[in-house]
Amino acid sequence: AQNPQALGLAVGQPVKVYVQSKQKASGIPIPLSSLMANERNVTIVPPSTYTGIKEIPLKDAACGVPAITSTMYHISEELGLWKGMKTLLKLNQKNGVDCPGCAWPDPDDHRSSLGEYCENGAKAIAEEATDKKCTPEWFAKHSVQEISSWSDFQIGKSGRVTHPMFLADGELYYKPISWEEAFQMIAKDLKKATHPNRAVFYTSGRTSNEAAYMYQLMVRHYGTNNLPDCSNMCHESSGVALTETIGIGKGTVKLEDIHHAKLVLVIGQNPGTNHPRMMSALSKCKGNGGKIVHINPLPEVGTEKFIDPQSPIEILKGGTQLADLYLPVKIGGDMALFQYVQSQLLRRSEEQEGVFDKMFISNKTNDFEDWKAYFSDWNFQELEEVTGLKKGEIEPLIELLLSTTDIVSCWAMGLTQQKQGVATIQEVVNIHLLRGAIGKPNAGVCPVRGHSNVQGDRTMGIYEKPKPSFMEGLDRYWGKQFVREEGYDVVEAIAAMEKGEVDVFIAMGGNFISATPDSERTGKAMQRVGLTVQVSTKLNRSHCVTGQRALILPCLGRTEKDVQKSGEQFVTVENSMGIVHTSRGVNQPCSAHLKSEPAIVSGIAQAFIS
């Protein structure tokens with residue numbers, strides 16, 4: 001460049017310079033300018049091929065023998081049948097391993113000795129306990145550019161990360177680094193930041209209670225509330241809606257309440273795909289004489305018919321019909337449906353006694369007269385048009401609601417991930433308040449959460465908008481005045497990264513790039529960060545789409561034993577219904593170089609505090 005004539009170039013003539021690394025990345029030369037700009041030519045959004053719309057027959061039942069076959073296949077492929085069965089028999093058992101697949105609760109009394117898990121849980125365990133490994137030698141063969149060109153499925157199937165790994169500025173290959181060097185690097189960048197708000201600390205819902213509490217304490221000691229977490233992208237609207245209506249952002253029922261409810265509303269969710277163990281609870285409800293209403297734009301096999309794979313009788317008879325009523329509400333028409341129901345309940349109350357629980361309303365609620373005034377002059381026809389349902393389709397739901405006060409409403413992302421999510425959930429709660437169907441056995445509300453400890457993380461203080469009472473308690477216990485300024489949620493964190501206002505991004509688990517709705521935008525924003533740190537068990541796309549420098553800190557999985565000087569450890573988690581219980585590993589760690597999540601948080605904290 002200093003002597004262009006020596007290369008046969010005229011002064012000022014543009015030239016594209018390529019860097020040839022010792023090991024080619026898929027044989028594609030990388031422009032030096034791209035490396036310096038931290039683009040690395042990685043693929044942010046996984047490749048996909050549109051195969052067209054195909055019309056196939058809808059299955060008439062969920063689970064059954066196919067679920068058993070699929071479970072055995074995934075377990076055998078990843079860790080062998082013997083090790084796999086040994087692990088599965090401890091899954092969701094008392095003093096066993098809490099399944100990382102979802103947050104569905106375990107029975108308090110009888111737990112199946114054959115297996116208290118579902119096909120999804122078996123898949124999650126298979127990937128975590130896999131014998132496949134991403135060693136330093138593996139990373140030396142595969143550049144981040146090459147790995148990012150794979151699908152998310154292929155990346156996730158690569159195996160467990162066995163050593164702390166570091167991706168230097170301008171490099172394409174991760175190299176091993178010692179734990180001490182990694183901790184010191186993080187501490188140096190945290191200290192170098194001009195303000196604590198220039199660091200972001202993300203949390204996945206699989207993080208244990210112990211790690212979550214330590215993590216938020218470390219972050220607040222550092223001086224910020226920048227604690228975005230996966231709740232921001234799934235059940236945030238549930239927490240906000242419930243806090244504003246009943247005073248707490250959690251559900252109000254236990255598993256036994258669903259078993260004995262007389263009416264269960266399953267709204268905006270597909271248990272067969274996302275929460276298969278929920279179908280066992282719905283089946284028990286049916287066996288006890290309960291009715292089930294499924295409200296969803298599409299019919300779902302999981303609420304049509306359930307074949308209990310552990311019951312030969314169920315398999316032979318073809319399963320249990322679950323949904324007594326299916327309402328194919330128009331997309332976005334949920335709120336109008338529940339408003340229509342309330343308006344009809346108000347009309348019925350003028351004609352008959354017992355529609356409203358007047359004692360409950362008088363003693364436990366506020367603003368009932370304002371509610372009546374609000375619904376007294378509604379155009380029923382307009383509401384019907386928004387719902388996409390006819391009056392004759394909705395009337396059976398109203399009759400079922402009037403037949404009992406033992407009502408449980410369950411919902412998932414179909415209600416939460418929309419612009420009217422908070423308001424829609426509040427309309428569901430209103431129906432329960434009108435009927436007095438909350439705060440008593442066999443009745444209440446049940447947000448069905450996905451990650452196995454997303455509820456516990458919030459309880460432990462992972463929240464960018466902490467409540468004053470929580471912060472006051474933290475102040476008193478630790479004798480320190482912690483910062484009160486609200487931190488970044490997920491969307492605000494991405495916006496700050498886009499502006500170049502984030503120097504350090506640390507993720508306690510999860511796959512931030514792929515989890516966010518606009519992965520392309522998130523990935524480009526992430527590339528503007530100085531140092532990104534991922535505490536992980538296995539690979540995901542966030543290990544390829546990184547900041548200028550990147551660390552992978554490998555942690556123990558739920559299935560692995562954590563043995564310290566004081567003996568074998570356990571962690572605790574909180575399920576979707578607010579029950580806290582233990583989780584204890586059963587397998588030997590896949591590598592001697594792994595640390596537990598609490599040990600990693602402790603290592604980072606001690607490094608920057610010293």
# chains A, B, ... in the order shown; residues from 1 in each chain; ligands from 1
$ residues_around --residues "Arg458 of chain A" --least-positions-apart "5" --cutoff "12 Å" --atoms "only C-alpha atoms" --output "MDAnalysis selection string"
chainID A and resid 203:209 212:213 215:216 227:232 235:236 239 248:250 453 463:467 470 573:576 578
$ write_last_selection --atoms "C-alpha atoms" --output "short mmCIF file (atom, residue, chain, number, x, y, z; two decimals), in the first residue's frame"
data_model
loop_
_atom_site.label_atom_id
_atom_site.label_comp_id
_atom_site.auth_asym_id
_atom_site.auth_seq_id
_atom_site.Cartn_x
_atom_site.Cartn_y
_atom_site.Cartn_z
CA THR A 203 -30.43 -14.12 31.29
CA SER A 204 -32.03 -17.25 29.90
CA GLY A 205 -34.91 -18.92 31.73
CA ARG A 206 -32.89 -22.11 32.26
CA THR A 207 -30.58 -20.42 34.78
CA SER A 208 -30.94 -21.79 38.32
CA ASN A 209 -32.26 -19.71 41.23
CA ALA A 212 -29.78 -15.91 39.01
CA TYR A 213 -29.61 -14.39 42.48
CA TYR A 215 -25.95 -12.74 38.81
CA GLN A 216 -28.38 -9.90 39.60
CA LEU A 227 -30.93 -7.13 33.15
CA PRO A 228 -32.94 -8.03 30.03
CA ASP A 229 -34.14 -11.61 30.00
CA CYS A 230 -36.15 -14.05 27.93
CA SER A 231 -39.35 -13.01 29.76
CA ASN A 232 -39.22 -9.76 27.80
CA HIS A 235 -44.67 -13.79 29.08
CA GLU A 236 -43.86 -10.17 29.94
CA GLY A 239 -46.61 -10.52 34.38
CA ILE A 248 -48.74 -10.52 41.57
CA GLY A 249 -47.31 -11.47 38.17
CA LYS A 250 -47.71 -15.23 38.61
CA ASN A 453 -36.92 -21.50 35.44
CA TYR A 463 -35.68 -7.69 36.16
CA GLU A 464 -34.73 -4.40 34.53
CA LYS A 465 -37.56 -2.63 36.41
CA PRO A 466 -37.11 -3.91 39.99
CA LYS A 467 -39.84 -3.25 42.52
CA PHE A 470 -37.19 -5.79 46.46
CA VAL A 573 -35.80 -23.94 40.19
CA GLU A 574 -39.36 -22.58 40.26
CA ASN A 575 -41.95 -24.09 37.97
CA SER A 576 -44.79 -22.42 36.11
CA GLY A 578 -44.68 -21.09 41.68
#
$ closest_atom_pairs --of "segment 258-346 of chain A" --to "segment 95-112 of chain A" --cutoff "8 Å" --atoms "only C-alpha atoms" --output "tab-separated table"
residue	atom	partner	partner_atom	distance
A:His275	CA	A:Cys102	CA	7.1
A:Arg277	CA	A:Trp104	CA	7.2
A:Met278	CA	A:Trp104	CA	7.1
$ write_last_selection --atoms "N, CA, C and O atoms" --output "compact mmCIF listing (two decimals), in the first residue's frame"
# COMPACT_ATOMS: atom_id res chain seq x y z
N HIS A 275 -46.10 -28.13 25.30
CA HIS A 275 -46.17 -28.60 26.69
C HIS A 275 -46.87 -29.95 26.75
O HIS A 275 -47.96 -30.07 27.30
N ARG A 277 -46.69 -32.56 28.50
CA ARG A 277 -47.12 -33.11 29.80
C ARG A 277 -48.42 -32.47 30.28
O ARG A 277 -49.12 -33.01 31.14
N MET A 278 -48.75 -31.30 29.73
CA MET A 278 -50.01 -30.66 30.09
C MET A 278 -51.20 -31.51 29.66
O MET A 278 -52.26 -31.48 30.29
$ residues_around --residues "Lys291 of chain A" --least-positions-apart "5" --cutoff "10 Å" --atoms "only C-alpha atoms" --output "list in words"
Ala261, Lys262, Leu263, Val264, Leu265, Leu282, Cys285, Lys286, Leu322, Ala323, Asp324, Leu325, Leu400 and Ile407 of chain A
